[in-house]
$ cat protein.txt   # compact mmCIF, N, CA and C atoms
# COMPACT_ATOMS: atom_id res chain seq x y z
N MET N 1 15.93 -11.84 -106.27
CA MET N 1 17.31 -11.70 -106.68
C MET N 1 18.22 -12.34 -105.63
N LEU N 2 19.16 -13.12 -106.08
CA LEU N 2 20.10 -13.82 -105.21
C LEU N 2 21.40 -13.02 -105.14
N THR N 3 21.87 -12.74 -103.93
CA THR N 3 23.12 -12.00 -103.76
C THR N 3 24.01 -12.69 -102.75
N LYS N 4 25.31 -12.44 -102.87
CA LYS N 4 26.30 -12.95 -101.94
C LYS N 4 26.95 -11.74 -101.28
N GLN N 5 26.96 -11.74 -99.95
CA GLN N 5 27.52 -10.63 -99.20
C GLN N 5 28.63 -11.15 -98.30
N ILE N 6 29.80 -10.53 -98.39
CA ILE N 6 30.94 -10.93 -97.56
C ILE N 6 31.30 -9.75 -96.67
N VAL N 7 31.29 -9.98 -95.35
CA VAL N 7 31.58 -8.91 -94.39
C VAL N 7 32.49 -9.43 -93.27
N ILE N 8 33.34 -8.54 -92.78
CA ILE N 8 34.08 -8.82 -91.55
C ILE N 8 33.12 -8.45 -90.43
N ASP N 9 32.64 -9.46 -89.70
CA ASP N 9 31.61 -9.18 -88.70
C ASP N 9 32.10 -9.28 -87.26
N LYS N 10 33.35 -9.70 -87.06
CA LYS N 10 33.87 -9.76 -85.70
C LYS N 10 35.38 -9.61 -85.73
N ILE N 11 35.88 -8.75 -84.85
CA ILE N 11 37.32 -8.58 -84.67
C ILE N 11 37.58 -8.59 -83.17
N GLU N 12 38.45 -9.48 -82.73
CA GLU N 12 38.75 -9.60 -81.31
C GLU N 12 40.25 -9.45 -81.09
N ILE N 13 40.60 -8.82 -79.98
CA ILE N 13 41.99 -8.69 -79.58
C ILE N 13 42.23 -9.71 -78.47
N LEU N 14 43.18 -10.61 -78.69
CA LEU N 14 43.49 -11.63 -77.70
C LEU N 14 44.51 -11.10 -76.70
N GLU N 15 44.68 -11.83 -75.63
CA GLU N 15 45.51 -11.39 -74.50
C GLU N 15 46.92 -10.98 -74.88
N ASP N 16 47.53 -11.71 -75.80
CA ASP N 16 48.93 -11.40 -76.15
C ASP N 16 49.04 -10.49 -77.38
N GLY N 17 47.93 -9.86 -77.77
CA GLY N 17 47.98 -8.90 -78.87
C GLY N 17 47.59 -9.46 -80.22
N GLN N 18 47.32 -10.75 -80.29
CA GLN N 18 46.86 -11.31 -81.56
C GLN N 18 45.50 -10.73 -81.91
N ILE N 19 45.24 -10.60 -83.21
CA ILE N 19 43.95 -10.11 -83.68
C ILE N 19 43.25 -11.26 -84.38
N GLN N 20 42.07 -11.59 -83.89
CA GLN N 20 41.28 -12.68 -84.45
C GLN N 20 40.14 -12.07 -85.27
N ILE N 21 40.04 -12.50 -86.52
CA ILE N 21 39.07 -11.92 -87.45
C ILE N 21 38.09 -13.00 -87.90
N ARG N 22 36.82 -12.62 -87.97
CA ARG N 22 35.80 -13.53 -88.50
C ARG N 22 35.12 -12.84 -89.68
N GLN N 23 35.09 -13.57 -90.79
CA GLN N 23 34.43 -13.09 -92.00
C GLN N 23 33.19 -13.94 -92.24
N ALA N 24 32.07 -13.28 -92.45
CA ALA N 24 30.81 -13.98 -92.72
C ALA N 24 30.48 -13.86 -94.20
N THR N 25 30.09 -14.97 -94.80
CA THR N 25 29.61 -14.98 -96.18
C THR N 25 28.12 -15.33 -96.12
N LYS N 26 27.32 -14.40 -96.59
CA LYS N 26 25.86 -14.57 -96.52
C LYS N 26 25.29 -14.70 -97.93
N ILE N 27 24.36 -15.62 -98.09
CA ILE N 27 23.59 -15.76 -99.33
C ILE N 27 22.20 -15.23 -99.03
N ILE N 28 21.80 -14.22 -99.80
CA ILE N 28 20.54 -13.52 -99.53
C ILE N 28 19.67 -13.56 -100.80
N GLU N 29 18.39 -13.89 -100.60
CA GLU N 29 17.43 -13.88 -101.70
C GLU N 29 16.25 -13.01 -101.32
N ASP N 30 16.01 -11.98 -102.10
CA ASP N 30 14.89 -11.06 -101.86
C ASP N 30 14.87 -10.56 -100.41
N GLY N 31 16.04 -10.21 -99.88
CA GLY N 31 16.14 -9.66 -98.54
C GLY N 31 16.12 -10.68 -97.42
N ILE N 32 16.01 -11.96 -97.75
CA ILE N 32 15.98 -13.01 -96.74
C ILE N 32 17.28 -13.79 -96.78
N GLU N 33 17.93 -13.90 -95.62
CA GLU N 33 19.19 -14.63 -95.54
C GLU N 33 18.92 -16.14 -95.62
N LEU N 34 19.48 -16.77 -96.66
CA LEU N 34 19.27 -18.21 -96.85
C LEU N 34 20.34 -19.03 -96.15
N SER N 35 21.57 -18.51 -96.14
CA SER N 35 22.65 -19.24 -95.49
C SER N 35 23.75 -18.27 -95.08
N LYS N 36 24.56 -18.74 -94.13
CA LYS N 36 25.69 -17.96 -93.66
C LYS N 36 26.81 -18.93 -93.29
N SER N 37 28.02 -18.61 -93.71
CA SER N 37 29.17 -19.41 -93.33
C SER N 37 30.27 -18.47 -92.85
N TYR N 38 31.20 -19.03 -92.09
CA TYR N 38 32.26 -18.21 -91.49
C TYR N 38 33.64 -18.70 -91.89
N HIS N 39 34.55 -17.76 -91.95
CA HIS N 39 35.97 -18.05 -92.14
C HIS N 39 36.70 -17.22 -91.09
N ARG N 40 37.61 -17.84 -90.36
CA ARG N 40 38.34 -17.14 -89.30
C ARG N 40 39.83 -17.23 -89.54
N TRP N 41 40.54 -16.20 -89.08
CA TRP N 41 42.00 -16.23 -89.10
C TRP N 41 42.52 -15.33 -88.00
N VAL N 42 43.80 -15.55 -87.64
CA VAL N 42 44.43 -14.82 -86.56
C VAL N 42 45.71 -14.18 -87.09
N LEU N 43 45.93 -12.94 -86.70
CA LEU N 43 47.15 -12.23 -87.07
C LEU N 43 47.99 -12.04 -85.81
N ALA N 44 49.28 -12.34 -85.92
CA ALA N 44 50.20 -12.17 -84.80
C ALA N 44 50.77 -10.76 -84.79
N PRO N 45 51.08 -10.23 -83.61
CA PRO N 45 51.66 -8.89 -83.54
C PRO N 45 52.88 -8.76 -84.44
N GLY N 46 52.88 -7.73 -85.26
CA GLY N 46 53.98 -7.47 -86.18
C GLY N 46 53.84 -8.14 -87.53
N GLN N 47 52.84 -8.98 -87.70
CA GLN N 47 52.63 -9.68 -88.97
C GLN N 47 52.27 -8.70 -90.08
N ASP N 48 52.60 -9.04 -91.31
CA ASP N 48 52.26 -8.20 -92.47
C ASP N 48 50.74 -8.10 -92.59
N ILE N 49 50.25 -6.87 -92.64
CA ILE N 49 48.80 -6.64 -92.73
C ILE N 49 48.41 -5.95 -94.04
N THR N 50 49.32 -5.96 -95.00
CA THR N 50 49.10 -5.28 -96.27
C THR N 50 47.78 -5.65 -96.93
N ASN N 51 47.42 -6.92 -96.90
CA ASN N 51 46.23 -7.39 -97.61
C ASN N 51 44.96 -7.40 -96.77
N GLN N 52 45.03 -6.85 -95.56
CA GLN N 52 43.86 -6.81 -94.69
C GLN N 52 43.00 -5.58 -95.01
N VAL N 53 41.73 -5.63 -94.63
CA VAL N 53 40.83 -4.48 -94.83
C VAL N 53 41.26 -3.35 -93.90
N ASP N 54 40.87 -2.13 -94.24
CA ASP N 54 41.28 -0.95 -93.47
C ASP N 54 40.91 -1.04 -91.99
N LYS N 55 39.75 -1.60 -91.69
CA LYS N 55 39.31 -1.72 -90.30
C LYS N 55 40.33 -2.52 -89.48
N VAL N 56 40.81 -3.63 -90.05
CA VAL N 56 41.78 -4.47 -89.36
C VAL N 56 43.13 -3.74 -89.27
N LYS N 57 43.54 -3.09 -90.34
CA LYS N 57 44.80 -2.34 -90.33
C LYS N 57 44.79 -1.27 -89.25
N ASN N 58 43.68 -0.55 -89.13
CA ASN N 58 43.58 0.52 -88.13
C ASN N 58 43.71 -0.04 -86.71
N ILE N 59 43.08 -1.16 -86.45
CA ILE N 59 43.16 -1.79 -85.13
C ILE N 59 44.59 -2.25 -84.86
N ALA N 60 45.20 -2.91 -85.84
CA ALA N 60 46.58 -3.38 -85.67
C ALA N 60 47.53 -2.23 -85.40
N ASN N 61 47.35 -1.13 -86.09
CA ASN N 61 48.24 0.02 -85.90
C ASN N 61 48.12 0.63 -84.50
N VAL N 62 46.98 0.46 -83.86
CA VAL N 62 46.79 0.96 -82.49
C VAL N 62 47.29 -0.06 -81.47
N VAL N 63 46.92 -1.32 -81.66
CA VAL N 63 47.21 -2.36 -80.68
C VAL N 63 48.67 -2.80 -80.70
N TRP N 64 49.23 -2.91 -81.87
CA TRP N 64 50.58 -3.46 -81.99
C TRP N 64 51.67 -2.41 -81.76
N THR N 65 51.79 -2.00 -80.52
CA THR N 65 52.90 -1.12 -80.16
C THR N 65 54.18 -1.95 -80.19
N GLN N 66 55.32 -1.29 -80.18
CA GLN N 66 56.59 -2.03 -80.17
C GLN N 66 56.68 -2.90 -78.92
N GLU N 67 56.13 -2.43 -77.81
CA GLU N 67 56.13 -3.20 -76.57
C GLU N 67 55.33 -4.50 -76.73
N VAL N 68 54.18 -4.44 -77.37
CA VAL N 68 53.34 -5.62 -77.59
C VAL N 68 54.06 -6.60 -78.52
N ILE N 69 54.65 -6.10 -79.59
CA ILE N 69 55.38 -6.96 -80.54
C ILE N 69 56.55 -7.64 -79.85
N ASP N 70 57.33 -6.89 -79.06
CA ASP N 70 58.48 -7.45 -78.36
C ASP N 70 58.05 -8.52 -77.35
N ALA N 71 56.96 -8.26 -76.61
CA ALA N 71 56.47 -9.24 -75.63
C ALA N 71 55.99 -10.51 -76.32
N TYR N 72 55.32 -10.36 -77.44
CA TYR N 72 54.85 -11.53 -78.19
C TYR N 72 56.03 -12.36 -78.70
N ASN N 73 57.03 -11.69 -79.27
CA ASN N 73 58.21 -12.41 -79.78
C ASN N 73 58.98 -13.08 -78.65
N ALA N 74 59.06 -12.44 -77.48
CA ALA N 74 59.73 -13.04 -76.32
C ALA N 74 58.98 -14.30 -75.87
N LYS N 75 57.66 -14.24 -75.88
CA LYS N 75 56.85 -15.40 -75.50
C LYS N 75 57.09 -16.56 -76.46
N LEU N 76 57.15 -16.25 -77.76
CA LEU N 76 57.42 -17.30 -78.75
C LEU N 76 58.81 -17.91 -78.53
N ALA N 77 59.79 -17.08 -78.24
CA ALA N 77 61.16 -17.56 -78.01
C ALA N 77 61.21 -18.47 -76.78
N GLU N 78 60.49 -18.14 -75.74
CA GLU N 78 60.44 -18.96 -74.54
C GLU N 78 59.84 -20.34 -74.83
N GLN N 79 58.82 -20.37 -75.67
CA GLN N 79 58.15 -21.62 -76.00
C GLN N 79 59.02 -22.55 -76.83
N GLN N 80 60.01 -22.00 -77.50
CA GLN N 80 60.87 -22.82 -78.36
C GLN N 80 62.03 -23.43 -77.59
N ILE N 81 62.21 -23.03 -76.35
CA ILE N 81 63.33 -23.55 -75.55
C ILE N 81 63.02 -24.93 -75.06
$ encode --input "protein.txt" --output "structure tokens"
Amino acid sequence: MLTKQIVIDKIEILEDGQIQIRQATKIIEDGIELSKSYHRWVLAPGQDITNQVDKVKNIANVVWTQEVIDAYNAKLAEQQI
């Protein structure tokens, strides 16, 4: 039997509070992994997380304090000068 499995297999917190997510898509036949591919994305502090999985939402709610969001936005403002 051929199955497709999609899992969030890595979540990393970057120095400035960004959350980097890696999603693995696995093709499995009779319990043997035939292939695996990855899709990655990064969320910035304060970004809308409505469509993220609960695991990512829970991490964002802990990591993204108002202090982290303000520091990230200040860093972005400095880079635009």
$ atom_distance --input "protein.txt" --atom1 "CA of Asp30 in chain N" --atom2 "CA of Lys10 in chain N"
25.0 Å
$ closest_residue --input "protein.txt" --among "N:Ile27, N:Leu34, N:Ile69, N:Ile59" --to "Gln47 in chain N" --atoms "only N, CA and C atoms"
N:Ile69
$ residues_around --input "protein.txt" --residues "Trp41 in chain N" --least-positions-apart "5" --cutoff "7 Å" --atoms "all atoms listed in the file" --output "PyMOL selection string"
chain N and resi 19-23
$ select_by_dssp --input "protein.txt" --residues "chain N" --states "strand (DSSP E)" --output "compact mmCIF listing (two decimals) with N, CA and C atoms, in the coordinates of the input"
# COMPACT_ATOMS: atom_id res chain seq x y z
N LEU N 2 19.16 -13.12 -106.08
CA LEU N 2 20.10 -13.82 -105.21
C LEU N 2 21.40 -13.02 -105.14
N THR N 3 21.87 -12.74 -103.93
CA THR N 3 23.12 -12.00 -103.76
C THR N 3 24.01 -12.69 -102.75
N LYS N 4 25.31 -12.44 -102.87
CA LYS N 4 26.30 -12.95 -101.94
C LYS N 4 26.95 -11.74 -101.28
N GLN N 5 26.96 -11.74 -99.95
CA GLN N 5 27.52 -10.63 -99.20
C GLN N 5 28.63 -11.15 -98.30
N ILE N 6 29.80 -10.53 -98.39
CA ILE N 6 30.94 -10.93 -97.56
C ILE N 6 31.30 -9.75 -96.67
N VAL N 7 31.29 -9.98 -95.35
CA VAL N 7 31.58 -8.91 -94.39
C VAL N 7 32.49 -9.43 -93.27
N ILE N 8 33.34 -8.54 -92.78
CA ILE N 8 34.08 -8.82 -91.55
C ILE N 8 33.12 -8.45 -90.43
N ASP N 9 32.64 -9.46 -89.70
CA ASP N 9 31.61 -9.18 -88.70
C ASP N 9 32.10 -9.28 -87.26
N LYS N 10 33.35 -9.70 -87.06
CA LYS N 10 33.87 -9.76 -85.70
C LYS N 10 35.38 -9.61 -85.73
N ILE N 11 35.88 -8.75 -84.85
CA ILE N 11 37.32 -8.58 -84.67
C ILE N 11 37.58 -8.59 -83.17
N GLU N 12 38.45 -9.48 -82.73
CA GLU N 12 38.75 -9.60 -81.31
C GLU N 12 40.25 -9.45 -81.09
N ILE N 13 40.60 -8.82 -79.98
CA ILE N 13 41.99 -8.69 -79.58
C ILE N 13 42.23 -9.71 -78.47
N ILE N 19 45.24 -10.60 -83.21
CA ILE N 19 43.95 -10.11 -83.68
C ILE N 19 43.25 -11.26 -84.38
N GLN N 20 42.07 -11.59 -83.89
CA GLN N 20 41.28 -12.68 -84.45
C GLN N 20 40.14 -12.07 -85.27
N ILE N 21 40.04 -12.50 -86.52
CA ILE N 21 39.07 -11.92 -87.45
C ILE N 21 38.09 -13.00 -87.90
N ARG N 22 36.82 -12.62 -87.97
CA ARG N 22 35.80 -13.53 -88.50
C ARG N 22 35.12 -12.84 -89.68
N GLN N 23 35.09 -13.57 -90.79
CA GLN N 23 34.43 -13.09 -92.00
C GLN N 23 33.19 -13.94 -92.24
N ALA N 24 32.07 -13.28 -92.45
CA ALA N 24 30.81 -13.98 -92.72
C ALA N 24 30.48 -13.86 -94.20
N THR N 25 30.09 -14.97 -94.80
CA THR N 25 29.61 -14.98 -96.18
C THR N 25 28.12 -15.33 -96.12
N LYS N 26 27.32 -14.40 -96.59
CA LYS N 26 25.86 -14.57 -96.52
C LYS N 26 25.29 -14.70 -97.93
N ILE N 27 24.36 -15.62 -98.09
CA ILE N 27 23.59 -15.76 -99.33
C ILE N 27 22.20 -15.23 -99.03
N ILE N 28 21.80 -14.22 -99.80
CA ILE N 28 20.54 -13.52 -99.53
C ILE N 28 19.67 -13.56 -100.80
N GLU N 29 18.39 -13.89 -100.60
CA GLU N 29 17.43 -13.88 -101.70
C GLU N 29 16.25 -13.01 -101.32
N ILE N 32 16.01 -11.96 -97.75
CA ILE N 32 15.98 -13.01 -96.74
C ILE N 32 17.28 -13.79 -96.78
N GLU N 33 17.93 -13.90 -95.62
CA GLU N 33 19.19 -14.63 -95.54
C GLU N 33 18.92 -16.14 -95.62
N LEU N 34 19.48 -16.77 -96.66
CA LEU N 34 19.27 -18.21 -96.85
C LEU N 34 20.34 -19.03 -96.15
N SER N 35 21.57 -18.51 -96.14
CA SER N 35 22.65 -19.24 -95.49
C SER N 35 23.75 -18.27 -95.08
N LYS N 36 24.56 -18.74 -94.13
CA LYS N 36 25.69 -17.96 -93.66
C LYS N 36 26.81 -18.93 -93.29
N SER N 37 28.02 -18.61 -93.71
CA SER N 37 29.17 -19.41 -93.33
C SER N 37 30.27 -18.47 -92.85
N TYR N 38 31.20 -19.03 -92.09
CA TYR N 38 32.26 -18.21 -91.49
C TYR N 38 33.64 -18.70 -91.89
N HIS N 39 34.55 -17.76 -91.95
CA HIS N 39 35.97 -18.05 -92.14
C HIS N 39 36.70 -17.22 -91.09
N ARG N 40 37.61 -17.84 -90.36
CA ARG N 40 38.34 -17.14 -89.30
C ARG N 40 39.83 -17.23 -89.54
N TRP N 41 40.54 -16.20 -89.08
CA TRP N 41 42.00 -16.23 -89.10
C TRP N 41 42.52 -15.33 -88.00
N VAL N 42 43.80 -15.55 -87.64
CA VAL N 42 44.43 -14.82 -86.56
C VAL N 42 45.71 -14.18 -87.09
N LEU N 43 45.93 -12.94 -86.70
CA LEU N 43 47.15 -12.23 -87.07
C LEU N 43 47.99 -12.04 -85.81
$ atom_distance --input "protein.txt" --atom1 "CA of Pro45 in chain N" --atom2 "CA of Ala77 in chain N"
14.0 Å
$ closest_residue --input "protein.txt" --among "N:Gly46, N:Ile32, N:Arg40, N:Gln5" --to "Asp70 in chain N" --atoms "all atoms listed in the file"
N:Gly46
$ atom_distance --input "protein.txt" --atom1 "atom N of Val42 in chain N" --atom2 "CA of Lys75 in chain N"
17.8 Å
$ select_by_dssp --input "protein.txt" --residues "chain N" --states "alpha helix (DSSP H)" --output "list in words"
Asp54, Lys55, Val56, Lys57, Asn58, Ile59, Ala60, Asn61, Val62, Val63, Gln66, Glu67, Val68, Ile69, Asp70, Ala71, Tyr72, Asn73, Ala74, Lys75, Leu76, Ala77, Glu78 and Gln79 of chain N
$ residues_near_point --input "protein.txt" --point "(33.1, -10.9, -95.9)" --cutoff "6 Å" --atoms "only C-alpha atoms" --output "PyMOL selection string"
chain N and resi 6-8+23-25
$ closest_residue --input "protein.txt" --among "N:Val63, N:Ile11, N:Leu2, N:Ala74" --to "Ile28 in chain N" --atoms "all atoms listed in the file"
N:Leu2
$ residues_around --input "protein.txt" --residues "Tyr72 in chain N" --least-positions-apart "4" --cutoff "8 Å" --atoms "all atoms listed in the file" --output "list in words"
Asp16, Gly17, Gln18, Ala44, Pro45, Gln66, Glu67, Val68, Leu76, Ala77 and Glu78 of chain N
$ residues_around --input "protein.txt" --residues "Lys26 in chain N" --least-positions-apart "5" --cutoff "6 Å" --atoms "all atoms listed in the file" --output "VMD selection string"
chain N and resid 3 to 6 35 to 37
$ build_atoms --input "protein.txt" --residues "range 66-77 of chain N" --atoms "all heavy atoms" --output "short mmCIF file (atom, residue, chain, number, x, y, z; two decimals), keeping the file's coordinate frame"
data_model
loop_
_atom_site.label_atom_id
_atom_site.label_comp_id
_atom_site.auth_asym_id
_atom_site.auth_seq_id
_atom_site.Cartn_x
_atom_site.Cartn_y
_atom_site.Cartn_z
N GLN N 66 55.32 -1.29 -80.18
CA GLN N 66 56.59 -2.03 -80.17
C GLN N 66 56.68 -2.90 -78.92
O GLN N 66 57.20 -4.02 -78.96
CB GLN N 66 57.78 -1.07 -80.24
CG GLN N 66 59.09 -1.78 -80.52
CD GLN N 66 59.07 -2.56 -81.83
OE1 GLN N 66 58.73 -2.01 -82.88
NE2 GLN N 66 59.44 -3.82 -81.80
N GLU N 67 56.13 -2.43 -77.81
CA GLU N 67 56.13 -3.20 -76.57
C GLU N 67 55.33 -4.50 -76.73
O GLU N 67 55.77 -5.57 -76.28
CB GLU N 67 55.53 -2.35 -75.45
CG GLU N 67 55.51 -3.04 -74.10
CD GLU N 67 54.90 -2.16 -73.01
OE1 GLU N 67 54.71 -0.95 -73.23
OE2 GLU N 67 54.61 -2.72 -71.94
N VAL N 68 54.18 -4.44 -77.37
CA VAL N 68 53.34 -5.62 -77.59
C VAL N 68 54.06 -6.60 -78.52
O VAL N 68 54.09 -7.81 -78.27
CB VAL N 68 51.96 -5.23 -78.16
CG1 VAL N 68 51.19 -6.44 -78.65
CG2 VAL N 68 51.16 -4.47 -77.11
N ILE N 69 54.65 -6.10 -79.59
CA ILE N 69 55.38 -6.96 -80.54
C ILE N 69 56.55 -7.64 -79.85
O ILE N 69 56.76 -8.86 -80.00
CB ILE N 69 55.84 -6.15 -81.77
CG1 ILE N 69 54.61 -5.67 -82.56
CG2 ILE N 69 56.79 -6.96 -82.65
CD1 ILE N 69 54.93 -4.65 -83.65
N ASP N 70 57.33 -6.89 -79.06
CA ASP N 70 58.48 -7.45 -78.36
C ASP N 70 58.05 -8.52 -77.35
O ASP N 70 58.68 -9.58 -77.25
CB ASP N 70 59.27 -6.35 -77.65
CG ASP N 70 59.97 -5.42 -78.63
OD1 ASP N 70 60.09 -5.76 -79.83
OD2 ASP N 70 60.40 -4.32 -78.18
N ALA N 71 56.96 -8.26 -76.61
CA ALA N 71 56.47 -9.24 -75.63
C ALA N 71 55.99 -10.51 -76.32
O ALA N 71 56.26 -11.63 -75.85
CB ALA N 71 55.35 -8.62 -74.80
N TYR N 72 55.32 -10.36 -77.44
CA TYR N 72 54.85 -11.53 -78.19
C TYR N 72 56.03 -12.36 -78.70
O TYR N 72 56.05 -13.59 -78.55
CB TYR N 72 53.96 -11.08 -79.35
CG TYR N 72 53.42 -12.24 -80.16
CD1 TYR N 72 52.35 -12.98 -79.69
CD2 TYR N 72 54.00 -12.61 -81.37
CE1 TYR N 72 51.85 -14.05 -80.41
CE2 TYR N 72 53.52 -13.69 -82.08
CZ TYR N 72 52.44 -14.41 -81.61
OH TYR N 72 51.97 -15.48 -82.30
N ASN N 73 57.03 -11.69 -79.27
CA ASN N 73 58.21 -12.41 -79.78
C ASN N 73 58.98 -13.08 -78.65
O ASN N 73 59.50 -14.19 -78.82
CB ASN N 73 59.11 -11.46 -80.57
CG ASN N 73 58.49 -11.07 -81.89
OD1 ASN N 73 57.70 -11.82 -82.46
ND2 ASN N 73 58.80 -9.89 -82.40
N ALA N 74 59.06 -12.44 -77.48
CA ALA N 74 59.73 -13.04 -76.32
C ALA N 74 58.98 -14.30 -75.87
O ALA N 74 59.60 -15.31 -75.53
CB ALA N 74 59.83 -12.03 -75.19
N LYS N 75 57.66 -14.24 -75.88
CA LYS N 75 56.85 -15.40 -75.50
C LYS N 75 57.09 -16.56 -76.46
O LYS N 75 57.21 -17.70 -76.05
CB LYS N 75 55.37 -15.00 -75.48
CG LYS N 75 54.45 -16.09 -75.02
CD LYS N 75 53.01 -15.60 -74.98
CE LYS N 75 52.06 -16.69 -74.56
NZ LYS N 75 50.67 -16.21 -74.51
N LEU N 76 57.15 -16.25 -77.76
CA LEU N 76 57.42 -17.30 -78.75
C LEU N 76 58.81 -17.91 -78.53
O LEU N 76 58.97 -19.13 -78.61
CB LEU N 76 57.35 -16.72 -80.16
CG LEU N 76 55.97 -16.41 -80.73
CD1 LEU N 76 56.10 -15.91 -82.16
CD2 LEU N 76 55.06 -17.63 -80.69
N ALA N 77 59.79 -17.08 -78.24
CA ALA N 77 61.16 -17.56 -78.01
C ALA N 77 61.21 -18.47 -76.78
O ALA N 77 61.90 -19.51 -76.80
CB ALA N 77 62.11 -16.38 -77.85
#
